[in-house]
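Below is coords_35.pdb, holding PDB, C-alpha atoms.
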```pdb
ATOM      1  CA  MET F   1       0.000   0.000   0.000
ATOM      2  CA  THR F   2       1.376   3.411  -0.916
ATOM      3  CA  ASP F   3       1.971   6.140   1.646
ATOM      4  CA  SER F   4      -0.730   8.347   0.157
ATOM      5  CA  ARG F   5      -3.236   5.507   0.344
ATOM      6  CA  LYS F   6      -2.282   4.810   3.972
ATOM      7  CA  ARG F   7      -2.758   8.497   4.808
ATOM      8  CA  ARG F   8      -6.135   8.536   3.062
ATOM      9  CA  ASN F   9      -7.278   5.446   4.965
ATOM     10  CA  ALA F  10      -6.078   6.909   8.273
ATOM     11  CA  TRP F  11      -7.890  10.176   7.515
ATOM     12  CA  ARG F  12     -11.086   8.236   6.740
ATOM     13  CA  ARG F  13     -10.805   6.178   9.947
ATOM     14  CA  GLY F  14     -10.291   9.372  11.904
ATOM     15  CA  ARG F  15     -13.396  11.016  10.449
ATOM     16  CA  ILE F  16     -15.486   7.923  11.154
ATOM     17  CA  ALA F  17     -14.132   7.852  14.734
ATOM     18  CA  GLU F  18     -15.026  11.535  15.196
ATOM     19  CA  THR F  19     -18.563  10.894  13.966
ATOM     20  CA  LEU F  20     -18.963   7.913  16.307
ATOM     21  CA  GLY F  21     -17.555  10.008  19.125
ATOM     22  CA  MET F  22     -20.027  12.823  18.494
ATOM     23  CA  VAL F  23     -22.957  10.394  18.507
ATOM     24  CA  TRP F  24     -21.667   8.910  21.775
ATOM     25  CA  LEU F  25     -21.351  12.366  23.334
ATOM     26  CA  VAL F  26     -24.841  13.462  22.262
ATOM     27  CA  VAL F  27     -26.326  10.291  23.743
ATOM     28  CA  ARG F  28     -24.469  11.129  26.981
ATOM     29  CA  GLY F  29     -26.038  14.610  27.133
ATOM     30  CA  TYR F  30     -23.426  16.811  25.440
ATOM     31  CA  ARG F  31     -24.223  19.473  22.875
ATOM     32  CA  ILE F  32     -21.735  19.547  20.014
ATOM     33  CA  MET F  33     -20.690  23.132  19.377
ATOM     34  CA  GLU F  34     -17.928  22.591  16.823
ATOM     35  CA  LYS F  35     -16.268  19.718  15.027
ATOM     36  CA  ARG F  36     -12.857  19.775  13.376
ATOM     37  CA  MET F  37     -12.475  23.373  14.472
ATOM     38  CA  ARG F  38      -9.458  25.020  12.912
ATOM     39  CA  THR F  39      -7.817  27.858  14.791
ATOM     40  CA  PRO F  40      -4.623  29.760  13.982
ATOM     41  CA  VAL F  41      -2.848  27.735  16.694
ATOM     42  CA  GLY F  42      -4.230  24.234  16.044
ATOM     43  CA  GLU F  43      -7.263  22.078  15.387
ATOM     44  CA  ILE F  44      -9.761  20.835  17.964
ATOM     45  CA  ASP F  45     -11.565  17.612  17.030
ATOM     46  CA  ILE F  46     -14.725  18.297  19.054
ATOM     47  CA  VAL F  47     -15.900  21.216  21.164
ATOM     48  CA  ALA F  48     -18.855  20.118  23.283
ATOM     49  CA  ARG F  49     -20.829  21.610  26.113
ATOM     50  CA  ARG F  50     -22.688  19.981  28.970
ATOM     51  CA  GLY F  51     -24.087  22.312  31.585
ATOM     52  CA  ARG F  52     -21.411  24.778  32.666
ATOM     53  CA  THR F  53     -18.581  22.687  31.239
ATOM     54  CA  LEU F  54     -16.899  23.265  27.894
ATOM     55  CA  ALA F  55     -15.135  20.078  26.837
ATOM     56  CA  ILE F  56     -12.233  20.237  24.396
ATOM     57  CA  ILE F  57     -12.118  16.686  23.087
ATOM     58  CA  GLU F  58      -9.351  14.934  21.187
ATOM     59  CA  VAL F  59     -10.483  11.814  19.335
ATOM     60  CA  LYS F  60      -8.039   8.987  18.715
ATOM     61  CA  ALA F  61      -8.813   5.886  16.662
ATOM     62  CA  ARG F  62      -6.382   3.049  17.213
ATOM     63  CA  ALA F  63      -6.335  -0.749  17.307
ATOM     64  CA  ASP F  64      -6.527  -0.764  21.111
ATOM     65  CA  ARG F  65      -7.375   1.689  23.863
ATOM     66  CA  ASN F  66      -3.882   1.941  25.318
ATOM     67  CA  MET F  67      -2.478   2.913  21.933
ATOM     68  CA  ALA F  68      -5.223   5.526  21.507
ATOM     69  CA  LEU F  69      -4.599   7.059  24.924
ATOM     70  CA  ALA F  70      -0.830   7.049  24.445
ATOM     71  CA  ALA F  71      -1.243   8.941  21.158
ATOM     72  CA  VAL F  72      -2.099  12.168  23.005
ATOM     73  CA  GLY F  73       1.333  13.336  24.053
ATOM     74  CA  PRO F  74       2.619  16.541  25.654
ATOM     75  CA  ARG F  75       3.051  18.374  22.337
ATOM     76  CA  GLN F  76      -0.529  17.648  21.306
ATOM     77  CA  ARG F  77      -1.816  18.653  24.736
ATOM     78  CA  ARG F  78      -0.051  22.013  24.473
ATOM     79  CA  ARG F  79      -1.541  22.537  21.001
ATOM     80  CA  LEU F  80      -5.034  21.809  22.313
ATOM     81  CA  GLN F  81      -4.503  24.132  25.272
ATOM     82  CA  ARG F  82      -3.445  26.958  22.941
ATOM     83  CA  ALA F  83      -6.411  26.327  20.643
ATOM     84  CA  ALA F  84      -8.811  26.326  23.609
ATOM     85  CA  ALA F  85      -7.339  29.589  24.915
ATOM     86  CA  TRP F  86      -7.755  31.124  21.454
ATOM     87  CA  LEU F  87     -11.378  29.929  21.275
ATOM     88  CA  VAL F  88     -12.322  31.273  24.702
ATOM     89  CA  ALA F  89     -10.511  34.595  24.151
ATOM     90  CA  GLY F  90     -12.762  35.326  21.180
ATOM     91  CA  ARG F  91     -16.050  34.307  22.837
ATOM     92  CA  ASN F  92     -17.279  36.101  25.946
ATOM     93  CA  ASP F  93     -20.114  33.560  26.324
ATOM     94  CA  LEU F  94     -17.543  30.786  26.810
ATOM     95  CA  ALA F  95     -15.217  32.670  29.154
ATOM     96  CA  THR F  96     -17.340  31.913  32.248
ATOM     97  CA  LEU F  97     -17.525  28.157  31.610
ATOM     98  CA  ASP F  98     -15.312  25.511  33.182
ATOM     99  CA  ILE F  99     -12.921  24.238  30.511
ATOM    100  CA  ARG F 100     -11.976  20.601  30.501
ATOM    101  CA  PHE F 101      -9.712  18.515  28.245
ATOM    102  CA  ASP F 102     -11.025  15.052  27.362
ATOM    103  CA  VAL F 103      -9.852  12.183  25.185
ATOM    104  CA  LEU F 104     -12.198   9.901  23.306
ATOM    105  CA  ALA F 105     -10.533   6.594  22.414
ATOM    106  CA  VAL F 106     -12.283   4.775  19.578
ATOM    107  CA  THR F 107     -11.344   1.160  18.955
ATOM    108  CA  PRO F 108     -12.881  -1.465  16.682
ATOM    109  CA  TRP F 109     -15.955  -3.257  18.000
ATOM    110  CA  ARG F 110     -15.978  -1.481  21.363
ATOM    111  CA  VAL F 111     -17.889   1.367  22.904
ATOM    112  CA  PRO F 112     -15.787   4.562  22.809
ATOM    113  CA  LEU F 113     -13.811   5.235  25.970
ATOM    114  CA  HIS F 114     -14.413   8.810  27.140
ATOM    115  CA  VAL F 115     -11.620   9.915  29.452
ATOM    116  CA  ILE F 116     -13.059  12.921  31.232
ATOM    117  CA  ASP F 117     -10.584  15.541  32.445
ATOM    118  CA  ALA F 118      -7.658  13.688  30.869
ATOM    119  CA  TRP F 119      -5.278  16.470  31.908
ATOM    120  CA  ARG F 120      -5.409  19.898  33.510
ATOM    121  CA  THR F 121      -3.969  23.258  32.656
ATOM    122  CA  GLU F 122      -3.901  26.624  34.353
ATOM    123  CA  GLU F 123      -3.876  28.589  31.084
ATOM    124  CA  CYS F 124      -7.617  28.512  30.317
TER     125      CYS F 124
END
```

Could you write out this file's structure as structure tokens?
Amino acid sequence: MTDSRKRRNAWRRGRIAETLGMVWLVVRGYRIMEKRMRTPVGEIDIVARRGRTLAIIEVKARADRNMALAAVGPRQRRRLQRAAAWLVAGRNDLATLDIRFDVLAVTPWRVPLHVIDAWRTEEC
């Protein structure tokens, strides 16, 4: 399989995982505010709200849950933190909400694993 075909397949799997993740979140009472949100400082897979909490959610599709969770490293966390700060800075209605960083691990033939409050930051 060529590299471009592998990238295309990975992109497709990622989009399917994001869609499954959004359905899972809606069923759990979240309201999806944005998906694949591009900011000048990085992309956020899903921005969701539930009550007074704004969840910045990174979706990872891997063969197993441990691989999915391990795929969100320090560099990616910093990117998400910067993107969340950019989002909140431009929206007064979001500035009063509690901001939380979650990971949604999507694996074949299993219910998505939603890791709530996967890490904390003082920046937002």

Looking at all atoms listed in the file, which of F:Arg36, F:Arg65, F:Arg50, F:Arg13 is the one that sits closest to Val111 (chain F)?
->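 Checking each candidate against Val111 (chain F), we get F:Arg65 as the closest.
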
Between CA of Pro112 (chain F) and CA of Met1 (chain F) lies a distance of 28.1 Å

Listing only residues of region 62-104 of chain F within 12 Å of region 25-34 of chain F, what is the closest atom pair and its distance in Å (to one decimal) for each, using all atoms listed in the file, sorted by chain and residue number ascending, as JSON lines?
```
{"residue": "F:Ala84", "atom": "CA", "partner": "F:Glu34", "partner_atom": "CA", "distance": 12.0}
{"residue": "F:Leu87", "atom": "CA", "partner": "F:Glu34", "partner_atom": "CA", "distance": 10.8}
{"residue": "F:Leu94", "atom": "CA", "partner": "F:Met33", "partner_atom": "CA", "distance": 11.1}
{"residue": "F:Asp102", "atom": "CA", "partner": "F:Leu25", "partner_atom": "CA", "distance": 11.4}
{"residue": "F:Val103", "atom": "CA", "partner": "F:Leu25", "partner_atom": "CA", "distance": 11.6}
{"residue": "F:Leu104", "atom": "CA", "partner": "F:Leu25", "partner_atom": "CA", "distance": 9.5}
```

With the file shown as input, list the residues that the PyMOL selection byres ((chain F and resi 97) around 12) selects, as a short mmCIF file (atom, residue, chain, number, x, y, z; two decimals) with C-alpha atoms, keeping the file's coordinate frame.
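Written out: out_5.cif:
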```cif
data_model
loop_
_atom_site.label_atom_id
_atom_site.label_comp_id
_atom_site.auth_asym_id
_atom_site.auth_seq_id
_atom_site.Cartn_x
_atom_site.Cartn_y
_atom_site.Cartn_z
CA ALA F 48 -18.86 20.12 23.28
CA ARG F 49 -20.83 21.61 26.11
CA ARG F 50 -22.69 19.98 28.97
CA GLY F 51 -24.09 22.31 31.58
CA ARG F 52 -21.41 24.78 32.67
CA THR F 53 -18.58 22.69 31.24
CA LEU F 54 -16.90 23.26 27.89
CA ALA F 55 -15.14 20.08 26.84
CA ILE F 56 -12.23 20.24 24.40
CA ALA F 84 -8.81 26.33 23.61
CA VAL F 88 -12.32 31.27 24.70
CA ARG F 91 -16.05 34.31 22.84
CA ASN F 92 -17.28 36.10 25.95
CA ASP F 93 -20.11 33.56 26.32
CA LEU F 94 -17.54 30.79 26.81
CA ALA F 95 -15.22 32.67 29.15
CA THR F 96 -17.34 31.91 32.25
CA ASP F 98 -15.31 25.51 33.18
CA ILE F 99 -12.92 24.24 30.51
CA ARG F 100 -11.98 20.60 30.50
CA CYS F 124 -7.62 28.51 30.32
#
```

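Across the structure, CA of Ala85 (chain F) and CA of Leu20 (chain F) are spaced 26.1 Å apart.
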
* To do: For CA of Leu69 (chain F) and CA of Asp3 (chain F), determine how far apart the two atoms are, in Å to one decimal place.
  =>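 Result for CA of Leu69 (chain F) versus CA of Asp3 (chain F): 24.2 Å, one decimal.
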
Inset, instruction - Let me know the residues the PyMOL selection byres ((chain F and resi 43) around 12) catches in the file above, as a PyMOL selection string. - result: chain F and resi 34-42+44-47+56-59+76-84+86-87

One residue among F:Ala105, F:Ala10, F:Met22, F:Leu113 is nearest to Val72 (chain F) when using all atoms listed in the file, and that residue is F:Ala105

Q: Check the smallest atom-to-atom distance from each of F:Val115, F:Ala70, F:Ala89, F:Val106 to Gly14 (chain F) using all atoms listed in the file, then report the winner.
A: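 Selected residue with least distance to Gly14 (chain F): F:Val106.
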
Around region 97-108 of chain F, fit a box with edges along x, y and z, padding it by 4 Å on each side, then list its centre and edge lengths in Å to one decimal as AutoDock Vina command-line options.
```
--center_x -13.6 --center_y 13.3 --center_z 24.9 --size_x 15.8 --size_y 37.6 --size_z 24.5
```

Quick one: residues within 9 Å of Pro108 (chain F), only C-alpha atoms, excluding same-chain residues fewer than 4 positions away - as a ChimeraX atom specification? /F:61-64
